[in-house]
Amino acid sequence: MDDSQGVRIGARLRAARTSRDVTLAALAAETGISASTISRLEAGKRQPNLELLIPLTAALEITLDELVADVVPDPRIRSRSSHRAGREMQLLSKENSPMQTVRMVITPVGEEPVQRTHDGFEWLYVMSGRLRLLLGDHDLVLKPGEAAEFATRIPHWVGNADDDPVELMAIFSRDGERIHVRAQTEPGRRVGR
């Protein structure tokens with residue numbers, strides 16, 4: 001294995017760890033590999049081997065191929081759809097992703113709003129139609145181009161604001177983290193964690 005492959009594997013390992021918000025210390029505790037060894041692997045300063053990579057990939061829930069393959073894996077996500085009670089949902093993220101992205105079309109069916117709570121944080125964006133959002137004591141109507149974000153432990157319900165269907169995008173974090181959108185603001189400037 002040449003040095004460039006070790007650097008590439010290290011960068012992929014770091015990306016997998018940080019995308020899951022796992023610290024070096026937490027990964028070390030889970031795998032029994034020292035944090036300094038993991039750090040050196042990520043920096044490309046330690047030669048990767050199966051004895052190190054197998055427990056790391058298991059802990060990060062990734063495949064060995066994702067770390068060592070020279071080809072870029074197919075990035076497309078195979079969407080899954082479901083229908084229930086006037087709601088058509090198309091899941092647009094991988095099943096094990098920490099952030100679940102859903103495209104939803106809600107058709108009026110005359111349901112009575114029932115607010116529910118659960119752990120997590122949700123972000124909604126209305127693409128077409130008018131969305132009614134009950135959030136605690138608030139009764140809001142969102143129009144196309146408007147967005148809302150809220151902790152899902154607050155009682156909430158979403159549905160149609162009128163007799164027309166509403167189409168929206170929703171991003172849900174089970175861990176209860178606020179949604180952060182990062183963009184590069186200047187050429188050559190890195191926006192990081």
# chains A, B, ... in the order shown; residues from 1 in each chain; ligands from 1

$ select_by_dssp --residues "stretch 70-187 of chain A" --states "strand (DSSP E)" --output "ChimeraX atom specification"
/A:80-84,87-91,99-106,121-128,131-135,138-142,147-151,156-160,166-173

$ write_last_selection --atoms "N, CA and C atoms" --output "compact mmCIF listing (two decimals), in the first residue's frame"
# COMPACT_ATOMS: atom_id res chain seq x y z
N ARG A 80 -37.35 5.11 -0.95
CA ARG A 80 -38.40 4.17 -0.56
C ARG A 80 -39.65 4.99 -0.31
N SER A 81 -40.78 4.50 -0.75
CA SER A 81 -42.03 5.24 -0.60
C SER A 81 -42.99 4.49 0.30
N SER A 82 -43.84 5.27 0.96
CA SER A 82 -44.92 4.68 1.76
C SER A 82 -46.13 5.59 1.69
N HIS A 83 -47.29 5.02 1.89
CA HIS A 83 -48.54 5.76 1.84
C HIS A 83 -49.37 5.39 3.06
N ARG A 84 -49.98 6.40 3.67
CA ARG A 84 -50.94 6.12 4.74
C ARG A 84 -51.76 7.38 5.02
N ARG A 87 -51.14 10.61 3.24
CA ARG A 87 -49.75 11.05 3.27
C ARG A 87 -48.89 10.11 2.42
N GLU A 88 -48.30 10.69 1.39
CA GLU A 88 -47.35 9.94 0.56
C GLU A 88 -45.96 10.40 0.97
N MET A 89 -45.14 9.46 1.44
CA MET A 89 -43.80 9.80 1.92
C MET A 89 -42.76 9.07 1.10
N GLN A 90 -41.75 9.82 0.68
CA GLN A 90 -40.64 9.26 -0.08
C GLN A 90 -39.37 9.52 0.73
N LEU A 91 -38.77 8.47 1.27
CA LEU A 91 -37.55 8.61 2.07
C LEU A 91 -36.37 8.81 1.13
N MET A 99 -29.47 11.77 9.89
CA MET A 99 -30.49 12.74 9.47
C MET A 99 -31.37 12.06 8.42
N GLN A 100 -32.64 11.97 8.69
CA GLN A 100 -33.58 11.36 7.75
C GLN A 100 -34.24 12.47 6.92
N THR A 101 -34.17 12.35 5.60
CA THR A 101 -34.77 13.34 4.71
C THR A 101 -35.97 12.69 4.03
N VAL A 102 -37.10 13.42 4.03
CA VAL A 102 -38.35 12.89 3.48
C VAL A 102 -39.01 13.94 2.61
N ARG A 103 -39.47 13.54 1.44
CA ARG A 103 -40.35 14.36 0.62
C ARG A 103 -41.75 13.85 0.90
N MET A 104 -42.67 14.77 1.21
CA MET A 104 -44.00 14.35 1.61
C MET A 104 -45.05 15.14 0.84
N VAL A 105 -46.09 14.44 0.41
CA VAL A 105 -47.28 15.08 -0.16
C VAL A 105 -48.45 14.70 0.73
N ILE A 106 -49.10 15.72 1.27
CA ILE A 106 -50.24 15.49 2.17
C ILE A 106 -51.50 15.92 1.43
N PHE A 121 -35.35 16.48 16.38
CA PHE A 121 -35.46 17.85 15.89
C PHE A 121 -35.86 17.77 14.43
N GLU A 122 -36.77 18.64 14.00
CA GLU A 122 -37.28 18.56 12.63
C GLU A 122 -37.19 19.91 11.94
N TRP A 123 -36.91 19.86 10.66
CA TRP A 123 -36.88 21.03 9.78
C TRP A 123 -37.82 20.74 8.62
N LEU A 124 -38.72 21.69 8.31
CA LEU A 124 -39.70 21.54 7.24
C LEU A 124 -39.54 22.66 6.23
N TYR A 125 -39.73 22.35 4.94
CA TYR A 125 -39.70 23.36 3.88
C TYR A 125 -40.89 23.09 2.95
N VAL A 126 -41.75 24.08 2.76
CA VAL A 126 -42.94 23.92 1.92
C VAL A 126 -42.57 24.20 0.47
N MET A 127 -42.82 23.22 -0.40
CA MET A 127 -42.52 23.36 -1.82
C MET A 127 -43.73 23.86 -2.60
N SER A 128 -44.92 23.35 -2.26
CA SER A 128 -46.15 23.83 -2.90
C SER A 128 -47.32 23.60 -1.95
N LEU A 131 -49.19 24.60 4.23
CA LEU A 131 -49.03 23.64 5.31
C LEU A 131 -49.51 24.24 6.62
N ARG A 132 -50.31 23.49 7.33
CA ARG A 132 -50.72 23.90 8.68
C ARG A 132 -49.82 23.18 9.66
N LEU A 133 -49.22 23.95 10.55
CA LEU A 133 -48.33 23.41 11.57
C LEU A 133 -48.89 23.81 12.93
N LEU A 134 -49.29 22.81 13.70
CA LEU A 134 -49.65 23.04 15.09
C LEU A 134 -48.42 22.69 15.90
N LEU A 135 -47.94 23.65 16.68
CA LEU A 135 -46.73 23.46 17.46
C LEU A 135 -46.96 24.07 18.84
N HIS A 138 -49.10 27.25 19.17
CA HIS A 138 -49.09 27.96 17.89
C HIS A 138 -49.90 27.20 16.84
N ASP A 139 -50.66 27.94 16.05
CA ASP A 139 -51.39 27.40 14.90
C ASP A 139 -50.93 28.22 13.70
N LEU A 140 -49.98 27.66 12.92
CA LEU A 140 -49.30 28.41 11.87
C LEU A 140 -49.66 27.88 10.49
N VAL A 141 -49.59 28.76 9.47
CA VAL A 141 -49.75 28.37 8.08
C VAL A 141 -48.47 28.77 7.36
N LEU A 142 -47.82 27.80 6.72
CA LEU A 142 -46.61 28.05 5.97
C LEU A 142 -46.93 27.96 4.48
N ALA A 147 -40.04 27.93 5.72
CA ALA A 147 -39.50 26.79 6.45
C ALA A 147 -39.74 26.98 7.94
N ALA A 148 -39.68 25.89 8.66
CA ALA A 148 -39.81 25.91 10.12
C ALA A 148 -38.90 24.83 10.68
N GLU A 149 -38.40 25.07 11.87
CA GLU A 149 -37.63 24.03 12.57
C GLU A 149 -38.02 24.06 14.03
N PHE A 150 -38.06 22.86 14.63
CA PHE A 150 -38.52 22.77 16.01
C PHE A 150 -38.08 21.46 16.64
N ALA A 151 -38.00 21.48 17.96
CA ALA A 151 -37.73 20.27 18.73
C ALA A 151 -39.01 19.45 18.75
N HIS A 156 -46.75 18.51 18.39
CA HIS A 156 -46.85 19.06 17.04
C HIS A 156 -47.69 18.17 16.14
N TRP A 157 -48.16 18.80 15.05
CA TRP A 157 -48.92 18.11 14.00
C TRP A 157 -48.77 18.93 12.73
N VAL A 158 -48.67 18.24 11.58
CA VAL A 158 -48.63 18.93 10.29
C VAL A 158 -49.72 18.35 9.40
N GLY A 159 -50.32 19.22 8.60
CA GLY A 159 -51.37 18.79 7.68
C GLY A 159 -51.69 19.92 6.71
N ASN A 160 -52.79 19.78 6.02
CA ASN A 160 -53.20 20.76 5.03
C ASN A 160 -53.84 21.97 5.72
N VAL A 166 -50.46 19.60 -0.14
CA VAL A 166 -49.25 20.35 0.18
C VAL A 166 -48.05 19.41 0.01
N GLU A 167 -47.00 19.94 -0.61
CA GLU A 167 -45.77 19.16 -0.81
C GLU A 167 -44.67 19.82 0.00
N LEU A 168 -43.93 19.01 0.75
CA LEU A 168 -42.88 19.57 1.59
C LEU A 168 -41.69 18.62 1.68
N MET A 169 -40.58 19.19 2.10
CA MET A 169 -39.38 18.42 2.42
C MET A 169 -39.21 18.51 3.93
N ALA A 170 -38.81 17.40 4.52
CA ALA A 170 -38.58 17.39 5.96
C ALA A 170 -37.25 16.69 6.24
N ILE A 171 -36.50 17.26 7.16
CA ILE A 171 -35.26 16.63 7.62
C ILE A 171 -35.43 16.42 9.12
N PHE A 172 -35.21 15.19 9.54
CA PHE A 172 -35.43 14.82 10.94
C PHE A 172 -34.15 14.27 11.53
N SER A 173 -33.77 14.77 12.69
CA SER A 173 -32.62 14.27 13.43
C SER A 173 -33.13 13.60 14.70

$ closest_atom_pairs --of "stretch 87-137 of chain A" --to "stretch 3-26 of chain A" --cutoff "12 Å" --atoms "only C-alpha atoms" --output "Markdown table"
| residue | atom | partner | partner_atom | distance |
| --- | --- | --- | --- | --- |
| A:Asn96 | CA | A:Arg20 | CA | 10.5 |
| A:Ser97 | CA | A:Arg20 | CA | 8.7 |
| A:Pro98 | CA | A:Arg20 | CA | 7.1 |
| A:Met99 | CA | A:Arg20 | CA | 9.9 |

$ write_last_selection --atoms "N, CA and C atoms" --output "PDB file, in the first residue's frame"
ATOM      1  N   ASN A  96     -29.777   4.186   7.646  1.00  0.00           N
ATOM      2  CA  ASN A  96     -29.007   4.358   8.874  1.00  0.00           C
ATOM      3  C   ASN A  96     -28.436   5.759   9.027  1.00  0.00           C
ATOM      4  N   SER A  97     -28.844   6.683   8.179  1.00  0.00           N
ATOM      5  CA  SER A  97     -28.344   8.054   8.249  1.00  0.00           C
ATOM      6  C   SER A  97     -28.823   8.735   9.529  1.00  0.00           C
ATOM      7  N   PRO A  98     -27.955   9.523  10.178  1.00  0.00           N
ATOM      8  CA  PRO A  98     -28.388  10.218  11.395  1.00  0.00           C
ATOM      9  C   PRO A  98     -29.428  11.298  11.114  1.00  0.00           C
ATOM     10  N   MET A  99     -29.475  11.775   9.891  1.00  0.00           N
ATOM     11  CA  MET A  99     -30.487  12.743   9.472  1.00  0.00           C
ATOM     12  C   MET A  99     -31.365  12.062   8.424  1.00  0.00           C
TER      13      MET A  99
END

$ atom_distance --atom1 "atom CA of A:Ile38" --atom2 "atom CA of A:Ser93"
28.1 Å

$ residues_around --residues "A:Arg46" --least-positions-apart "5" --cutoff "8 Å" --atoms "only C-alpha atoms" --output "MDAnalysis selection string"
chainID A and resid 6 37 40:41

$ write_last_selection --atoms "C-alpha atoms" --output "PDB file, in the first residue's frame"
ATOM      1  CA  GLY A   6      -2.976   5.480   3.486  1.00  0.00           C
ATOM      2  CA  THR A  37      -3.389   5.394  16.904  1.00  0.00           C
ATOM      3  CA  ARG A  40      -2.364   8.839  13.282  1.00  0.00           C
ATOM      4  CA  LEU A  41      -4.414   6.598  10.963  1.00  0.00           C
TER       5      LEU A  41
END

$ atom_distance --atom1 "atom CA of A:Pro108" --atom2 "atom CA of A:Gly86"
6.5 Å

$ select_by_dssp --residues "chain A" --states "helix (DSSP H, G or I)" --output "NGL selection string"
:A and (3-19 or 24-31 or 35-42 or 50-60 or 64-68)

$ write_last_selection --atoms "C-alpha atoms" --output "PDB file, in the first residue's frame"
ATOM      1  CA  ASP A   3       1.418   6.536   1.150  1.00  0.00           C
ATOM      2  CA  SER A   4      -1.326   8.175  -0.913  1.00  0.00           C
ATOM      3  CA  GLN A   5      -3.659   5.239  -0.268  1.00  0.00           C
ATOM      4  CA  GLY A   6      -2.976   5.480   3.486  1.00  0.00           C
ATOM      5  CA  VAL A   7      -3.800   9.196   3.379  1.00  0.00           C
ATOM      6  CA  ARG A   8      -6.989   8.485   1.394  1.00  0.00           C
ATOM      7  CA  ILE A   9      -8.070   5.766   3.865  1.00  0.00           C
ATOM      8  CA  GLY A  10      -7.309   8.091   6.786  1.00  0.00           C
ATOM      9  CA  ALA A  11      -9.384  10.904   5.288  1.00  0.00           C
ATOM     10  CA  ARG A  12     -12.301   8.532   4.716  1.00  0.00           C
ATOM     11  CA  LEU A  13     -12.005   7.206   8.263  1.00  0.00           C
ATOM     12  CA  ARG A  14     -12.035  10.746   9.702  1.00  0.00           C
ATOM     13  CA  ALA A  15     -15.021  11.715   7.495  1.00  0.00           C
ATOM     14  CA  ALA A  16     -16.973   8.646   8.660  1.00  0.00           C
ATOM     15  CA  ARG A  17     -16.191   9.384  12.310  1.00  0.00           C
ATOM     16  CA  THR A  18     -16.988  13.109  12.198  1.00  0.00           C
ATOM     17  CA  SER A  19     -20.161  12.665  10.134  1.00  0.00           C
ATOM     18  CA  LEU A  24     -11.628   9.997  19.022  1.00  0.00           C
ATOM     19  CA  ALA A  25     -11.996   9.077  22.695  1.00  0.00           C
ATOM     20  CA  ALA A  26     -15.410   7.455  22.159  1.00  0.00           C
ATOM     21  CA  LEU A  27     -14.172   5.474  19.152  1.00  0.00           C
ATOM     22  CA  ALA A  28     -11.087   4.393  21.095  1.00  0.00           C
ATOM     23  CA  ALA A  29     -13.233   3.222  24.003  1.00  0.00           C
ATOM     24  CA  GLU A  30     -15.525   1.244  21.693  1.00  0.00           C
ATOM     25  CA  THR A  31     -12.761  -0.418  19.653  1.00  0.00           C
ATOM     26  CA  ALA A  35      -7.064   7.515  20.338  1.00  0.00           C
ATOM     27  CA  SER A  36      -3.505   8.397  19.260  1.00  0.00           C
ATOM     28  CA  THR A  37      -3.389   5.394  16.904  1.00  0.00           C
ATOM     29  CA  ILE A  38      -6.752   6.361  15.381  1.00  0.00           C
ATOM     30  CA  SER A  39      -5.568   9.968  15.030  1.00  0.00           C
ATOM     31  CA  ARG A  40      -2.364   8.839  13.282  1.00  0.00           C
ATOM     32  CA  LEU A  41      -4.414   6.598  10.963  1.00  0.00           C
ATOM     33  CA  GLU A  42      -6.704   9.514  10.099  1.00  0.00           C
ATOM     34  CA  LEU A  50      -6.963  -5.178   8.812  1.00  0.00           C
ATOM     35  CA  GLU A  51      -6.332  -5.605  12.541  1.00  0.00           C
ATOM     36  CA  LEU A  52      -7.096  -1.879  12.961  1.00  0.00           C
ATOM     37  CA  LEU A  53      -9.616  -1.284  10.172  1.00  0.00           C
ATOM     38  CA  ILE A  54     -12.054  -4.128  10.929  1.00  0.00           C
ATOM     39  CA  PRO A  55     -13.007  -2.963  14.450  1.00  0.00           C
ATOM     40  CA  LEU A  56     -13.099   0.681  13.293  1.00  0.00           C
ATOM     41  CA  THR A  57     -15.450  -0.030  10.381  1.00  0.00           C
ATOM     42  CA  ALA A  58     -17.689  -2.133  12.629  1.00  0.00           C
ATOM     43  CA  ALA A  59     -17.897   0.630  15.241  1.00  0.00           C
ATOM     44  CA  LEU A  60     -18.623   3.292  12.581  1.00  0.00           C
ATOM     45  CA  LEU A  64     -14.240  -1.989   4.617  1.00  0.00           C
ATOM     46  CA  ASP A  65     -14.798  -1.279   0.919  1.00  0.00           C
ATOM     47  CA  GLU A  66     -15.950   2.254   1.765  1.00  0.00           C
ATOM     48  CA  LEU A  67     -12.512   2.893   3.264  1.00  0.00           C
ATOM     49  CA  VAL A  68     -10.198   1.099   0.862  1.00  0.00           C
TER      50      VAL A  68
END

$ atom_distance --atom1 "atom CA of A:Pro75" --atom2 "atom CA of A:Ile62"
14.2 Å
